[in-house]
file data13.pdb (PDB, C-alpha atoms and all ligand atoms)
MODEL        1
ATOM      1  CA  MET S  12      12.374   3.830  -7.003
ATOM      2  CA  ILE S  13      11.098   6.715  -9.072
ATOM      3  CA  TYR S  14       9.189   8.330  -6.166
ATOM      4  CA  GLN S  15       9.944   8.664  -2.526
ATOM      5  CA  LEU S  16       7.512  10.540  -0.295
ATOM      6  CA  ASN S  17       8.779  11.410   3.176
ATOM      7  CA  ASN S  18       6.231  12.560   5.767
ATOM      8  CA  VAL S  19       4.281  14.460   3.153
ATOM      9  CA  GLY S  20       1.431  16.647   4.357
ATOM     10  CA  LEU S  21      -0.932  18.985   2.555
ATOM     11  CA  SER S  22      -3.353  21.320   4.245
ATOM     12  CA  TYR S  23      -5.886  23.657   2.725
ATOM     13  CA  LYS S  24      -7.028  26.897   4.309
ATOM     14  CA  ASP S  25     -10.777  27.086   4.064
ATOM     15  CA  GLY S  26     -12.018  30.326   5.589
ATOM     16  CA  GLY S  27     -10.783  30.162   9.180
ATOM     17  CA  ASN S  28     -10.355  26.390   9.088
ATOM     18  CA  THR S  29      -7.346  24.313   8.196
ATOM     19  CA  ILE S  30      -8.134  21.039   6.449
ATOM     20  CA  ASN S  31      -5.441  18.404   6.566
ATOM     21  CA  ALA S  32      -5.962  16.678   3.236
ATOM     22  CA  LEU S  33      -2.761  14.628   3.594
ATOM     23  CA  SER S  34      -0.683  13.904   6.657
ATOM     24  CA  ASP S  35       2.550  12.007   7.149
ATOM     25  CA  ILE S  36       2.461  10.137   3.864
ATOM     26  CA  ASN S  37       5.418   7.817   3.392
ATOM     27  CA  LEU S  38       5.572   5.942   0.113
ATOM     28  CA  GLU S  39       8.100   4.503  -2.276
ATOM     29  CA  LEU S  40       7.041   3.736  -5.811
ATOM     30  CA  PRO S  41       8.927   1.860  -8.534
ATOM     31  CA  GLU S  42       9.695   3.032 -12.084
ATOM     32  CA  THR S  43       7.028   0.856 -13.655
ATOM     33  CA  GLY S  44       3.810  -0.828 -12.683
ATOM     34  CA  LEU S  45       0.185  -0.094 -11.957
ATOM     35  CA  ILE S  46      -0.529   1.331  -8.501
ATOM     36  CA  GLY S  47      -4.152   1.317  -7.346
ATOM     37  CA  VAL S  48      -5.066   4.108  -4.920
ATOM     38  CA  ILE S  49      -8.300   3.499  -3.065
ATOM     39  CA  GLY S  50     -10.164   5.188  -0.242
ATOM     40  CA  PRO S  51     -13.488   6.919   0.435
ATOM     41  CA  SER S  52     -14.510  10.244  -1.009
ATOM     42  CA  GLY S  53     -12.675  13.107   0.705
ATOM     43  CA  SER S  54      -9.857  10.870   1.967
ATOM     44  CA  GLY S  55      -7.137  12.721   0.004
ATOM     45  CA  LYS S  56      -6.686  10.663  -3.178
ATOM     46  CA  THR S  57      -6.810  13.596  -5.586
ATOM     47  CA  SER S  58      -4.605  15.642  -3.247
ATOM     48  CA  LEU S  59      -2.016  12.863  -3.345
ATOM     49  CA  LEU S  60      -1.928  12.938  -7.156
ATOM     50  CA  TYR S  61      -1.675  16.749  -7.084
ATOM     51  CA  VAL S  62       1.379  16.826  -4.829
ATOM     52  CA  MET S  63       3.113  13.967  -6.645
ATOM     53  CA  SER S  64       2.650  15.631 -10.013
ATOM     54  CA  GLY S  65       3.741  19.018  -8.692
ATOM     55  CA  ILE S  66       0.377  20.674  -9.301
ATOM     56  CA  LYS S  67       0.342  21.449  -5.586
ATOM     57  CA  VAL S  68       3.232  21.852  -3.180
ATOM     58  CA  PRO S  69       3.133  19.882   0.078
ATOM     59  CA  THR S  70       2.858  21.975   3.239
ATOM     60  CA  SER S  71       5.237  19.578   4.987
ATOM     61  CA  GLY S  72       7.619  16.768   4.138
ATOM     62  CA  GLN S  73       9.441  16.073   0.933
ATOM     63  CA  ILE S  74       8.847  14.397  -2.426
ATOM     64  CA  LEU S  75      11.826  12.966  -4.274
ATOM     65  CA  TYR S  76      11.405  12.237  -7.970
ATOM     66  CA  ARG S  77      14.291  10.207  -9.389
ATOM     67  CA  GLY S  78      16.155  10.952  -6.172
ATOM     68  CA  VAL S  79      15.804  14.729  -6.490
ATOM     69  CA  PRO S  80      13.267  16.943  -4.660
ATOM     70  CA  LEU S  81      10.502  18.283  -6.905
ATOM     71  CA  PRO S  82      11.476  21.850  -7.845
ATOM     72  CA  HIS S  83      10.208  24.738  -5.692
ATOM     73  CA  GLN S  84       9.683  26.935  -8.706
ATOM     74  CA  THR S  85       6.258  26.469 -10.294
ATOM     75  CA  SER S  86       7.517  26.906 -13.860
ATOM     76  CA  LEU S  87      10.114  24.158 -13.352
ATOM     77  CA  ARG S  88       7.518  21.814 -11.913
ATOM     78  CA  ASN S  89       5.216  22.560 -14.849
ATOM     79  CA  GLN S  90       8.052  21.881 -17.266
ATOM     80  CA  LEU S  91       8.846  18.569 -15.606
ATOM     81  CA  ARG S  92       5.178  17.582 -15.640
ATOM     82  CA  ARG S  93       4.782  18.471 -19.318
ATOM     83  CA  ARG S  94       7.899  16.531 -20.220
ATOM     84  CA  GLU S  95       7.483  13.393 -18.141
ATOM     85  CA  MET S  96       3.947  13.085 -16.794
ATOM     86  CA  GLY S  97       0.416  12.523 -18.035
ATOM     87  CA  PHE S  98      -2.635  13.433 -15.980
ATOM     88  CA  VAL S  99      -6.237  12.328 -16.403
ATOM     89  CA  PHE S 100      -8.267  14.653 -14.208
ATOM     90  CA  GLN S 101     -11.457  13.548 -12.557
ATOM     91  CA  PHE S 102     -13.287  16.277 -14.443
ATOM     92  CA  HIS S 103     -11.417  15.994 -17.740
ATOM     93  CA  PHE S 104     -10.343  19.629 -18.300
ATOM     94  CA  LEU S 105     -10.321  19.430 -22.081
ATOM     95  CA  ILE S 106      -9.630  22.690 -23.877
ATOM     96  CA  SER S 107     -12.996  23.895 -25.123
ATOM     97  CA  TYR S 108     -11.924  25.696 -28.311
ATOM     98  CA  LEU S 109      -9.768  22.793 -29.582
ATOM     99  CA  THR S 110     -10.982  19.699 -31.393
ATOM    100  CA  VAL S 111     -10.560  16.198 -30.004
ATOM    101  CA  ALA S 112      -7.470  15.604 -32.163
ATOM    102  CA  GLN S 113      -5.945  18.947 -31.145
ATOM    103  CA  ASN S 114      -6.662  18.238 -27.489
ATOM    104  CA  ILE S 115      -4.849  14.922 -27.726
ATOM    105  CA  MET S 116      -1.825  16.553 -29.337
ATOM    106  CA  VAL S 117      -1.705  19.496 -26.969
ATOM    107  CA  GLY S 118       1.231  18.105 -24.977
ATOM    108  CA  PHE S 119       3.322  17.263 -28.029
ATOM    109  CA  ASP S 120       6.439  19.361 -28.439
ATOM    110  CA  GLY S 121       7.215  18.172 -31.958
ATOM    111  CA  SER S 122      10.103  15.925 -30.993
ATOM    112  CA  GLY S 123       9.810  12.182 -31.168
ATOM    113  CA  VAL S 124       6.049  12.058 -31.456
ATOM    114  CA  ASP S 125       4.810   8.552 -32.133
ATOM    115  CA  ILE S 126       1.848   9.123 -34.442
ATOM    116  CA  ASN S 127       1.241   5.389 -34.755
ATOM    117  CA  TYR S 128       0.771   5.083 -31.011
ATOM    118  CA  MET S 129      -1.577   8.054 -31.006
ATOM    119  CA  ASN S 130      -3.665   6.500 -33.774
ATOM    120  CA  TYR S 131      -3.656   3.185 -31.925
ATOM    121  CA  LEU S 132      -5.040   4.906 -28.804
ATOM    122  CA  ILE S 133      -7.684   6.706 -30.840
ATOM    123  CA  GLU S 134      -8.810   3.405 -32.361
ATOM    124  CA  GLU S 135      -8.718   1.471 -29.093
ATOM    125  CA  LEU S 136     -10.674   4.169 -27.279
ATOM    126  CA  ARG S 137     -13.180   4.385 -30.147
ATOM    127  CA  ILE S 138     -12.877   8.130 -30.595
ATOM    128  CA  SER S 139     -11.825   8.130 -34.230
ATOM    129  CA  HIS S 140     -15.258   9.302 -35.443
ATOM    130  CA  ILE S 141     -15.226  12.324 -33.116
ATOM    131  CA  ARG S 142     -11.705  13.528 -33.967
ATOM    132  CA  ASN S 143     -12.940  16.848 -35.324
ATOM    133  CA  LYS S 144     -15.553  17.591 -32.687
ATOM    134  CA  LYS S 145     -15.234  20.057 -29.831
ATOM    135  CA  PRO S 146     -15.582  18.972 -26.185
ATOM    136  CA  TYR S 147     -19.086  20.508 -25.782
ATOM    137  CA  GLN S 148     -20.333  18.179 -28.539
ATOM    138  CA  LEU S 149     -19.245  15.061 -26.628
ATOM    139  CA  SER S 150     -20.817  12.885 -23.967
ATOM    140  CA  GLY S 151     -19.184  12.563 -20.545
ATOM    141  CA  GLY S 152     -17.802   9.137 -21.442
ATOM    142  CA  GLN S 153     -16.347  10.407 -24.721
ATOM    143  CA  ARG S 154     -14.634  13.302 -22.935
ATOM    144  CA  GLN S 155     -13.192  10.863 -20.451
ATOM    145  CA  ARG S 156     -11.774   8.718 -23.291
ATOM    146  CA  VAL S 157     -10.252  11.762 -25.006
ATOM    147  CA  ALA S 158      -8.645  12.807 -21.709
ATOM    148  CA  ILE S 159      -7.120   9.330 -21.418
ATOM    149  CA  ALA S 160      -5.765   9.414 -24.986
ATOM    150  CA  ARG S 161      -4.250  12.842 -24.274
ATOM    151  CA  ALA S 162      -2.551  11.652 -21.080
ATOM    152  CA  LEU S 163      -1.038   8.567 -22.727
ATOM    153  CA  ALA S 164      -0.224   9.907 -26.200
ATOM    154  CA  ASN S 165       3.301  11.191 -25.651
ATOM    155  CA  ARG S 166       4.315   8.126 -23.637
ATOM    156  CA  PRO S 167       4.977   9.824 -20.286
ATOM    157  CA  LYS S 168       7.120   8.213 -17.589
ATOM    158  CA  VAL S 169       4.418   8.703 -14.965
ATOM    159  CA  ILE S 170       0.683   8.617 -15.635
ATOM    160  CA  PHE S 171      -1.808   9.852 -13.033
ATOM    161  CA  VAL S 172      -5.383   8.766 -13.530
ATOM    162  CA  ASP S 173      -8.138  10.052 -11.249
ATOM    163  CA  GLU S 174     -11.218   7.799 -11.232
ATOM    164  CA  PRO S 175     -11.331   7.138 -14.975
ATOM    165  CA  THR S 176     -14.093   4.580 -15.114
ATOM    166  CA  SER S 177     -16.738   6.531 -13.226
ATOM    167  CA  SER S 178     -18.523   7.793 -16.340
ATOM    168  CA  LEU S 179     -17.809   4.772 -18.532
ATOM    169  CA  ASP S 180     -19.618   1.549 -19.318
ATOM    170  CA  HIS S 181     -18.021  -1.756 -18.280
ATOM    171  CA  VAL S 182     -16.607  -2.700 -21.664
ATOM    172  CA  THR S 183     -14.900   0.678 -22.128
ATOM    173  CA  GLY S 184     -13.762   0.639 -18.520
ATOM    174  CA  ARG S 185     -12.053  -2.695 -19.084
ATOM    175  CA  LYS S 186     -10.457  -1.473 -22.295
ATOM    176  CA  ILE S 187      -9.002   1.501 -20.433
ATOM    177  CA  ILE S 188      -7.606  -0.674 -17.689
ATOM    178  CA  SER S 189      -5.953  -2.874 -20.292
ATOM    179  CA  LEU S 190      -4.421   0.200 -22.002
ATOM    180  CA  LEU S 191      -3.161   1.372 -18.601
ATOM    181  CA  ARG S 192      -1.725  -2.062 -17.849
ATOM    182  CA  GLU S 193       0.051  -1.990 -21.183
ATOM    183  CA  ALA S 194       1.449   1.500 -20.464
ATOM    184  CA  ALA S 195       2.524   0.287 -17.006
ATOM    185  CA  LYS S 196       5.119  -2.004 -18.591
ATOM    186  CA  ASN S 197       7.209   1.078 -19.368
ATOM    187  CA  ALA S 198       5.808   3.710 -17.014
ATOM    188  CA  LEU S 199       4.483   4.185 -13.506
ATOM    189  CA  VAL S 200       0.687   4.379 -13.636
ATOM    190  CA  ILE S 201      -1.073   5.673 -10.537
ATOM    191  CA  LEU S 202      -4.753   4.930 -10.728
ATOM    192  CA  VAL S 203      -7.312   6.288  -8.278
ATOM    193  CA  THR S 204     -10.325   4.057  -8.391
ATOM    194  CA  HIS S 205     -13.434   2.871  -6.598
ATOM    195  CA  ASP S 206     -13.779  -0.098  -8.837
ATOM    196  CA  TYR S 207     -12.858  -3.484  -7.465
ATOM    197  CA  GLU S 208     -12.119  -4.879 -10.945
ATOM    198  CA  ASN S 209      -9.451  -2.192 -11.388
ATOM    199  CA  VAL S 210      -7.869  -2.917  -8.040
ATOM    200  CA  ARG S 211      -7.394  -6.532  -9.042
ATOM    201  CA  ALA S 212      -5.382  -5.379 -12.052
ATOM    202  CA  ALA S 213      -2.923  -3.457  -9.845
ATOM    203  CA  ASP S 214       0.619  -4.488  -8.896
ATOM    204  CA  LYS S 215       0.290  -2.599  -5.644
ATOM    205  CA  ILE S 216      -2.541  -1.102  -3.626
ATOM    206  CA  VAL S 217      -2.329   2.013  -1.509
ATOM    207  CA  LYS S 218      -5.319   2.710   0.675
ATOM    208  CA  ILE S 219      -5.896   6.254   1.928
ATOM    209  CA  TRP S 220      -8.083   7.136   4.876
ATOM    210  CA  ASP S 221      -8.389  10.628   6.356
ATOM    211  CA  GLY S 222      -5.279  11.766   4.512
ATOM    212  CA  LYS S 223      -3.129   8.869   5.736
ATOM    213  CA  VAL S 224      -1.852   5.721   4.084
ATOM    214  CA  ILE S 225      -3.453   2.916   6.066
ATOM    215  CA  LEU S 226      -2.450   0.089   3.752
ATOM    216  CA  ASP S 227       0.395  -0.400   1.308
ATOM    217  CA  LEU S 228       0.285  -3.857  -0.264
ATOM    218  CA  ASP S 229       2.236  -5.440  -3.072
ATOM    219  CA  GLN S 230       0.609  -7.970  -5.354
ATOM    220  CA  ASN S 231       2.793 -10.760  -3.967
ATOM    221  CA  GLN S 232       1.739  -9.991  -0.386
ATOM    222  CA  ALA S 233      -1.902 -10.212  -1.114
ATOM    223  CA  PRO S 234      -4.253 -13.108  -1.361
ATOM    224  CA  TYR S 235      -6.816 -10.302  -1.720
ATOM    225  CA  PHE S 236      -5.813  -9.219  -5.176
ATOM    226  CA  GLU S 237      -6.328 -11.884  -7.710
ATOM    227  CA  GLY S 238      -7.328 -15.466  -8.073
ATOM    228  CA  SER S 239      -9.708 -17.739  -6.297
ATOM    229  CA  GLN S 240     -10.183 -16.000  -2.994
ATOM    230  CA  SER S 241     -11.318 -12.651  -4.310
ATOM    231  CA  GLU S 242     -13.129 -14.377  -7.154
ATOM    232  CA  LYS S 243     -15.268 -16.278  -4.675
ATOM    233  CA  ASN S 244     -15.551 -13.429  -2.272
ATOM    234  CA  PRO S 245     -15.357  -9.997  -3.881
ATOM    235  CA  LYS S 246     -16.132  -8.434  -0.514
ATOM    236  CA  THR S 247     -12.614  -9.324   0.619
ATOM    237  CA  VAL S 248     -11.340  -6.702  -1.727
ATOM    238  CA  PHE S 249     -13.795  -4.055  -0.639
ATOM    239  CA  HIS S 250     -12.692  -4.605   2.951
ATOM    240  CA  LEU S 251      -9.013  -4.194   2.164
TER     241      LEU S 251
HETATM  242  P1  LIG S 301     -10.631  12.557  -2.622
HETATM  243  O1  LIG S 301     -10.001  12.744  -3.957
HETATM  244  O2  LIG S 301     -10.186  11.311  -1.918
HETATM  245  O3  LIG S 301     -12.124  12.642  -2.675
HETATM  246  P2  LIG S 301      -9.507  15.185  -1.998
HETATM  247  O4  LIG S 301      -8.030  15.036  -2.094
HETATM  248  O5  LIG S 301     -10.204  15.823  -3.132
HETATM  249  O6  LIG S 301     -10.139  13.743  -1.650
HETATM  250  O7  LIG S 301      -9.854  16.008  -0.694
HETATM  251  C1  LIG S 301      -9.293  15.732   0.588
HETATM  252  C2  LIG S 301      -9.847  16.724   1.611
HETATM  253  O8  LIG S 301      -9.415  18.040   1.290
HETATM  254  C3  LIG S 301     -11.354  16.788   1.647
HETATM  255  O9  LIG S 301     -11.744  17.027   2.977
HETATM  256  C4  LIG S 301     -11.684  17.984   0.785
HETATM  257  O10 LIG S 301     -12.901  18.562   1.158
HETATM  258  C5  LIG S 301     -10.516  18.905   1.075
HETATM  259  N1  LIG S 301     -10.194  19.797  -0.075
HETATM  260  C6  LIG S 301      -9.840  19.407  -1.312
HETATM  261  N2  LIG S 301      -9.574  20.470  -2.103
HETATM  262  C7  LIG S 301      -9.754  21.557  -1.332
HETATM  263  C8  LIG S 301      -9.623  22.977  -1.540
HETATM  264  N3  LIG S 301      -9.246  23.465  -2.732
HETATM  265  N4  LIG S 301      -9.913  23.798  -0.511
HETATM  266  C9  LIG S 301     -10.281  23.310   0.700
HETATM  267  N5  LIG S 301     -10.413  21.999   0.968
HETATM  268  C10 LIG S 301     -10.160  21.120  -0.016
HETATM  269 MG    MG S 302     -10.893  12.936  -5.857
ENDMDL
END
call {"tool": "encode", "arguments": {"input": "data13.pdb", "output": "structure tokens"}}
result
Amino acid sequence: MIYQLNNVGLSYKDGGNTINALSDINLELPETGLIGVIGPSGSGKTSLLYVMSGIKVPTSGQILYRGVPLPHQTSLRNQLRRREMGFVFQFHFLISYLTVAQNIMVGFDGSGVDINYMNYLIEELRISHIRNKKPYQLSGGQRQRVAIARALANRPKVIFVDEPTSSLDHVTGRKIISLLREAAKNALVILVTHDYENVRAADKIVKIWDGKVILDLDQNQAPYFEGSQSEKNPKTVFHL
């Protein structure tokens, strides 16, 4: 197990109100594989990625990463994230004054960079022709593809992807899922998605509802995932 979450909670203070974005989350996740996280808008999916990646600190409970609690100190968490994790944010967050190529390389520290892999991603994601453009010159879908190349480029151990196919056409969406599947052979990929096609590609599904895990299913437990049943009746998957 690379991750162990024990009774993890996260609450936000909003004016006088406390919003419990996550409560009592218990999860164990393996070193590799594609995990699909589903649930309605506002259910806590993004919050879950934020606490797991150390962007936010849980208000209760504990997160073990490789058997060790995530560091309390922000700079240490940032260091760990830069070294071992990739993050595709729902709203991209590309750096506006850098070109596409510079944005993709922003996480590189000069050691052991695999330029061939980076070029492969750029080709596969069809962003080669926009290498020298700035984010404001790109469409939403192009920005999304650049954000994905950036998150994958230095071969992180954990890759968080927050609703990547929302601004993409079907063909590109499928390409991205196949890149994520490929990365999931050697990394843990945690994919937040609304898309039933993506869920079928997952090794495990975690369903979030009102900040709680209400379903935690492995591929081998699920007639819902793949094959004839869901093929004939896609609704099965939506009702997971
Ligand atoms: P999802 O990604 O599933 O749409 P989020 O994790 O973004 O859900 O949000 C979970 C809950 O926390 C929602 O009720 C949302 O309104 C609330 N929330 C998220 N971010 C903040 C914040 N910065 N301040 C206050 N409330 C927030
Ligand atoms: Mg979200």
call {"tool": "residues_near_ligand", "arguments": {"input": "data13.pdb", "ligand": "ligand MG 302 (chain S)", "cutoff": "7 Å", "atoms": "only C-alpha atoms and all ligand atoms", "output": "short mmCIF file (atom, residue, chain, number, x, y, z; two decimals) with C-alpha atoms, in the frame of the given file"}}
result
data_model
loop_
_atom_site.label_atom_id
_atom_site.label_comp_id
_atom_site.auth_asym_id
_atom_site.auth_seq_id
_atom_site.Cartn_x
_atom_site.Cartn_y
_atom_site.Cartn_z
CA SER S 52 -14.51 10.24 -1.01
CA GLY S 53 -12.68 13.11 0.70
CA GLY S 55 -7.14 12.72 0.00
CA LYS S 56 -6.69 10.66 -3.18
CA THR S 57 -6.81 13.60 -5.59
CA GLN S 101 -11.46 13.55 -12.56
CA ASP S 173 -8.14 10.05 -11.25
#
call {"tool": "closest_residue", "arguments": {"input": "data13.pdb", "among": "S:Gly222, S:Gly152, S:Gly97, S:Pro146", "to": "Gly184 in chain S", "atoms": "all atoms listed in the file"}}
result
S:Gly152
call {"tool": "resolve_selection", "arguments": {"input": "data13.pdb", "expression": "the PyMOL selection byres (((chain S and resi 154-166) around 6) and not hetatm)", "output": "ChimeraX atom specification"}}
result
/S:97-99,103,115,129,132,151-153,167
call {"tool": "residues_near_ligand", "arguments": {"input": "data13.pdb", "ligand": "ligand LIG 301 (chain S)", "cutoff": "10 Å", "atoms": "only C-alpha atoms and all ligand atoms", "output": "mmCIF file with C-alpha atoms, in the frame of the given file"}}
result
data_model
loop_
_atom_site.group_PDB
_atom_site.id
_atom_site.type_symbol
_atom_site.label_atom_id
_atom_site.label_comp_id
_atom_site.auth_asym_id
_atom_site.auth_seq_id
_atom_site.Cartn_x
_atom_site.Cartn_y
_atom_site.Cartn_z
ATOM 1 C CA LEU S 21 -0.932 18.985 2.555
ATOM 2 C CA SER S 22 -3.353 21.320 4.245
ATOM 3 C CA TYR S 23 -5.886 23.657 2.725
ATOM 4 C CA LYS S 24 -7.028 26.897 4.309
ATOM 5 C CA ASP S 25 -10.777 27.086 4.064
ATOM 6 C CA GLY S 26 -12.018 30.326 5.589
ATOM 7 C CA ASN S 28 -10.355 26.390 9.088
ATOM 8 C CA THR S 29 -7.346 24.313 8.196
ATOM 9 C CA ILE S 30 -8.134 21.039 6.449
ATOM 10 C CA ASN S 31 -5.441 18.404 6.566
ATOM 11 C CA ALA S 32 -5.962 16.678 3.236
ATOM 12 C CA LEU S 33 -2.761 14.628 3.594
ATOM 13 C CA VAL S 48 -5.066 4.108 -4.920
ATOM 14 C CA ILE S 49 -8.300 3.499 -3.065
ATOM 15 C CA GLY S 50 -10.164 5.188 -0.242
ATOM 16 C CA PRO S 51 -13.488 6.919 0.435
ATOM 17 C CA SER S 52 -14.510 10.244 -1.009
ATOM 18 C CA GLY S 53 -12.675 13.107 0.705
ATOM 19 C CA SER S 54 -9.857 10.870 1.967
ATOM 20 C CA GLY S 55 -7.137 12.721 0.004
ATOM 21 C CA LYS S 56 -6.686 10.663 -3.178
ATOM 22 C CA THR S 57 -6.810 13.596 -5.586
ATOM 23 C CA SER S 58 -4.605 15.642 -3.247
ATOM 24 C CA LEU S 59 -2.016 12.863 -3.345
ATOM 25 C CA LEU S 60 -1.928 12.938 -7.156
ATOM 26 C CA TYR S 61 -1.675 16.749 -7.084
ATOM 27 C CA VAL S 62 1.379 16.826 -4.829
ATOM 28 C CA GLN S 101 -11.457 13.548 -12.557
ATOM 29 C CA ASP S 173 -8.138 10.052 -11.249
ATOM 30 C CA GLU S 174 -11.218 7.799 -11.232
ATOM 31 C CA VAL S 203 -7.312 6.288 -8.278
ATOM 32 C CA THR S 204 -10.325 4.057 -8.391
ATOM 33 C CA ILE S 219 -5.896 6.254 1.928
ATOM 34 C CA TRP S 220 -8.083 7.136 4.876
ATOM 35 C CA ASP S 221 -8.389 10.628 6.356
ATOM 36 C CA GLY S 222 -5.279 11.766 4.512
#
call {"tool": "resolve_selection", "arguments": {"input": "data13.pdb", "expression": "the PyMOL selection byres (((chain S and resi 186-197) around 10) and not hetatm)", "output": "compact mmCIF listing (two decimals) with C-alpha atoms, keeping the file's coordinate frame"}}
result
# COMPACT_ATOMS: atom_id res chain seq x y z
CA GLU S 42 9.70 3.03 -12.08
CA THR S 43 7.03 0.86 -13.66
CA GLY S 44 3.81 -0.83 -12.68
CA LEU S 45 0.18 -0.09 -11.96
CA ILE S 46 -0.53 1.33 -8.50
CA LEU S 132 -5.04 4.91 -28.80
CA GLU S 135 -8.72 1.47 -29.09
CA LEU S 136 -10.67 4.17 -27.28
CA ARG S 156 -11.77 8.72 -23.29
CA ILE S 159 -7.12 9.33 -21.42
CA ALA S 160 -5.76 9.41 -24.99
CA LEU S 163 -1.04 8.57 -22.73
CA ARG S 166 4.32 8.13 -23.64
CA PRO S 167 4.98 9.82 -20.29
CA LYS S 168 7.12 8.21 -17.59
CA VAL S 169 4.42 8.70 -14.96
CA ILE S 170 0.68 8.62 -15.64
CA VAL S 172 -5.38 8.77 -13.53
CA PRO S 175 -11.33 7.14 -14.98
CA THR S 176 -14.09 4.58 -15.11
CA LEU S 179 -17.81 4.77 -18.53
CA HIS S 181 -18.02 -1.76 -18.28
CA VAL S 182 -16.61 -2.70 -21.66
CA THR S 183 -14.90 0.68 -22.13
CA GLY S 184 -13.76 0.64 -18.52
CA ARG S 185 -12.05 -2.70 -19.08
CA ALA S 198 5.81 3.71 -17.01
CA LEU S 199 4.48 4.18 -13.51
CA VAL S 200 0.69 4.38 -13.64
CA ILE S 201 -1.07 5.67 -10.54
CA LEU S 202 -4.75 4.93 -10.73
CA GLU S 208 -12.12 -4.88 -10.94
CA ASN S 209 -9.45 -2.19 -11.39
CA VAL S 210 -7.87 -2.92 -8.04
CA ALA S 212 -5.38 -5.38 -12.05
CA ALA S 213 -2.92 -3.46 -9.85
CA ASP S 214 0.62 -4.49 -8.90
call {"tool": "residues_near_point", "arguments": {"input": "data13.pdb", "point": "(3.8, 21.4, -2.8)", "cutoff": "12 Å", "atoms": "all atoms listed in the file", "output": "VMD selection string"}}
result
chain S and resid 16 19 to 23 33 58 to 75 80 to 85 88
call {"tool": "atom_distance", "arguments": {"input": "data13.pdb", "atom1": "CA of Lys215 in chain S", "atom2": "CA of Asp229 in chain S"}}
result
4.3 Å
call {"tool": "residues_around", "arguments": {"input": "data13.pdb", "residues": "His140 in chain S", "least_positions_apart": "6", "cutoff": "10 Å", "atoms": "all atoms listed in the file", "output": "list of chain:residue names"}}
result
S:Val111, S:Ile133, S:Glu134
call {"tool": "atom_distance", "arguments": {"input": "data13.pdb", "atom1": "CA of Gln15 in chain S", "atom2": "CA of Asn37 in chain S"}}
result
7.5 Å
call {"tool": "atom_distance", "arguments": {"input": "data13.pdb", "atom1": "CA of Ser139 in chain S", "atom2": "CA of Gly47 in chain S"}}
result
28.8 Å
call {"tool": "decode", "arguments": {"input": "data13.pdb", "residues": "range 190-200 of chain S", "atoms": "N, CA, C and O atoms", "output": "short mmCIF file (atom, residue, chain, number, x, y, z; two decimals), in the first residue's frame"}}
result
data_model
loop_
_atom_site.label_atom_id
_atom_site.label_comp_id
_atom_site.auth_asym_id
_atom_site.auth_seq_id
_atom_site.Cartn_x
_atom_site.Cartn_y
_atom_site.Cartn_z
N LEU S 190 -3.24 7.04 -22.04
CA LEU S 190 -1.95 7.48 -21.46
C LEU S 190 -1.94 7.26 -19.94
O LEU S 190 -0.92 6.84 -19.37
N LEU S 191 -3.07 7.54 -19.29
CA LEU S 191 -3.13 7.35 -17.83
C LEU S 191 -3.05 5.87 -17.46
O LEU S 191 -2.38 5.50 -16.50
N ARG S 192 -3.70 5.04 -18.27
CA ARG S 192 -3.61 3.59 -18.03
C ARG S 192 -2.16 3.11 -18.16
O ARG S 192 -1.69 2.30 -17.38
N GLU S 193 -1.50 3.63 -19.18
CA GLU S 193 -0.10 3.27 -19.39
C GLU S 193 0.75 3.70 -18.19
O GLU S 193 1.55 2.92 -17.66
N ALA S 194 0.54 4.94 -17.74
CA ALA S 194 1.29 5.45 -16.57
C ALA S 194 0.97 4.62 -15.33
O ALA S 194 1.83 4.44 -14.46
N ALA S 195 -0.25 4.10 -15.25
CA ALA S 195 -0.70 3.36 -14.07
C ALA S 195 -0.03 2.00 -13.92
O ALA S 195 -0.20 1.32 -12.92
N LYS S 196 0.74 1.59 -14.93
CA LYS S 196 1.52 0.35 -14.78
C LYS S 196 2.65 0.55 -13.78
O LYS S 196 3.09 -0.39 -13.13
N ASN S 197 3.15 1.78 -13.70
CA ASN S 197 4.29 2.06 -12.82
C ASN S 197 4.01 3.14 -11.79
O ASN S 197 4.91 3.62 -11.12
N ALA S 198 2.77 3.58 -11.70
CA ALA S 198 2.44 4.66 -10.76
C ALA S 198 1.01 4.47 -10.28
O ALA S 198 0.25 3.70 -10.88
N LEU S 199 0.66 5.17 -9.21
CA LEU S 199 -0.74 5.20 -8.78
C LEU S 199 -1.39 6.41 -9.44
O LEU S 199 -0.91 7.54 -9.28
N VAL S 200 -2.45 6.17 -10.20
CA VAL S 200 -3.15 7.27 -10.87
C VAL S 200 -4.53 7.39 -10.23
O VAL S 200 -5.29 6.42 -10.20
#
